[in-house]
Every structure is written in structure tokens, then in C-alpha cells.
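Below is one structure; the comments refer to it alone.
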Amino acid sequence: MSFQFGLQKVLEVKEHEKSEAESKYSEAMKQFEDVATDLYHLLKKKEDLEAFYNEKIQSGTSISAIQQTQQTISHLQKEIDKLQLETQRARSRMNDQEQFLMFKSIDVKKYEKMKERKHQRYIQLEKEKESKFLDEISVQQFLKHEIR
């Protein structure tokens, strides 16, 4: 007789849920990284434009060029503000998915631990049965030997 875990189907469902949670977490992490990278590039672009703007002011340039640069910087700042909000949301989603994944991982570990304990108990019972069987055989052989 081989070992069968009574909650094997439940364990399989829990493992499937965990793999789905891993997938969702990976996707949330990728979305966060994408948005954060976009934000970084926009911040870098704004920084470069501000440096260019400061150079232009120092070297002297037309007022229309300064105004245009200020408008561009203002537009970039609005985009940066939007992306910062989006980055915060993406980070929040990623953290939520991470917590959910941890919950599912713990759930799977509980069932795996139950399975391991039941398997150890099964092995112990099988050894006890085998020991009893060998004892009975020994007693029978002893009795056969004694009878002769």
C-alpha cells in the first residue's frame, strides 16, 4: 500500500493559486519598473533642460527662447507629477501583490508540512507493521523449531 495524502487536491489548488499570485506579482513588479523608468527618464530630461536653460540665461538669449524653455519645463513638471502618482499606485499594487503572494506561500507551506507529517506517520506505521510481521514470523519459526 502506498502513501496517499488525503488533502492532495487541496494542496494542488493552493499551489496553483500560489503560481497565479507569483505571476501577478511579477507583472505588477514589471509595471512598477516600467513606470519608474519612465519617471526617471522624464526627471533626467527636465534636469538636462534646466541645465540648458541656466546656460542660456548666463550666456544671454532671447526672451521668447526663455519663455519657450520655461513652458517646456512646466509641461515636463506636469508629466512628472502624473508619473509620480502613477508610480505610487504601481508600487502600492506591487506591494499588495507581494503580500498576497506571501500569504499564498504560507498557505502552501502549511499543507506541505501537513503532508510531510502524515507521510512520516505513514512510514512509522509501516515500520511498526513490518516489525510486528517479522516478530510473528520469528515466533512461528521458533515454535516450529521447538516442536521438532
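Identifiers for the C-alpha cells are assigned positionally: chains receive A, B, ... in sequence, residues are indexed from 1 per chain, and ligands are indexed from 1 in the order shown.
Excluding Glu15 of chain A itself and same-chain residues fewer than 6 positions from it, the residues having an atom within 10 Å of it are Lys9, Ala21, Lys104, Ser105, Asp107, Val108, Lys109, Tyr111 and Glu112 of chain A, counting only C-alpha atoms.
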Could you write out the selected residues, including C-alpha atoms, as a PDB file, in the first residue's frame?
ATOM      1  CA  LYS A   9      -6.238  18.052  -4.314  1.00  0.00           C
ATOM      2  CA  ALA A  21      -0.042  35.033  -7.302  1.00  0.00           C
ATOM      3  CA  LYS A 104      -0.369  32.064  -0.543  1.00  0.00           C
ATOM      4  CA  SER A 105       3.185  30.806   0.041  1.00  0.00           C
ATOM      5  CA  ASP A 107      -0.744  28.582   2.903  1.00  0.00           C
ATOM      6  CA  VAL A 108       1.082  26.130   0.620  1.00  0.00           C
ATOM      7  CA  LYS A 109       3.804  25.582   3.234  1.00  0.00           C
ATOM      8  CA  TYR A 111      -0.283  21.947   3.520  1.00  0.00           C
ATOM      9  CA  GLU A 112       3.179  20.715   2.560  1.00  0.00           C
TER      10      GLU A 112
END
_Exercise: Leu39 of chain A partners within 10 Å, only C-alpha atoms, chain neighbours under 4 positions left out, as a PyMOL selection string_ = chain A and resi 33-35+43-45+79-84+86-87
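Near segment 59-76 of chain A, within a cut-off of 8 Å and counting only C-alpha atoms, sit the residues Leu42, Lys46, Leu49, Glu50, Tyr53, Glu55 and Ile80 of chain A, with same-chain residues fewer than 4 positions away left out.
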_Quick one: residues within 10 Å of segment 121-124 of chain A, only C-alpha atoms, excluding same-chain residues fewer than 6 positions away - as a list in words?_
Ser2, Phe3, Gln4, Phe5, Lys115 and Glu130 of chain A
Keeping N, CA and C atoms for every residue in the selection just given, could you write it to a file as an mmCIF file, in the first residue's frame?
data_model
loop_
_atom_site.group_PDB
_atom_site.id
_atom_site.type_symbol
_atom_site.label_atom_id
_atom_site.label_comp_id
_atom_site.auth_asym_id
_atom_site.auth_seq_id
_atom_site.Cartn_x
_atom_site.Cartn_y
_atom_site.Cartn_z
ATOM 1 N N SER A 2 0.612 2.147 -0.897
ATOM 2 C CA SER A 2 1.443 3.340 -0.976
ATOM 3 C C SER A 2 0.782 4.510 -0.258
ATOM 4 N N PHE A 3 1.586 5.496 0.052
ATOM 5 C CA PHE A 3 1.111 6.670 0.782
ATOM 6 C C PHE A 3 0.234 7.542 -0.116
ATOM 7 N N GLN A 4 -0.906 7.939 0.410
ATOM 8 C CA GLN A 4 -1.780 8.875 -0.290
ATOM 9 C C GLN A 4 -2.176 9.966 0.679
ATOM 10 N N PHE A 5 -1.940 11.207 0.266
ATOM 11 C CA PHE A 5 -2.291 12.359 1.100
ATOM 12 C C PHE A 5 -3.739 12.724 0.822
ATOM 13 N N LYS A 115 1.385 17.357 4.843
ATOM 14 C CA LYS A 115 1.664 16.185 4.014
ATOM 15 C C LYS A 115 2.922 15.480 4.522
ATOM 16 N N GLU A 130 5.706 -3.858 9.771
ATOM 17 C CA GLU A 130 6.772 -4.757 9.332
ATOM 18 C C GLU A 130 7.426 -5.432 10.539
#
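Between Ala90 of chain A and the candidates A:Glu136, A:Glu126, A:Asp48, A:Glu27, the tightest atom-to-atom separation, counting only C-alpha atoms, involves A:Glu27.
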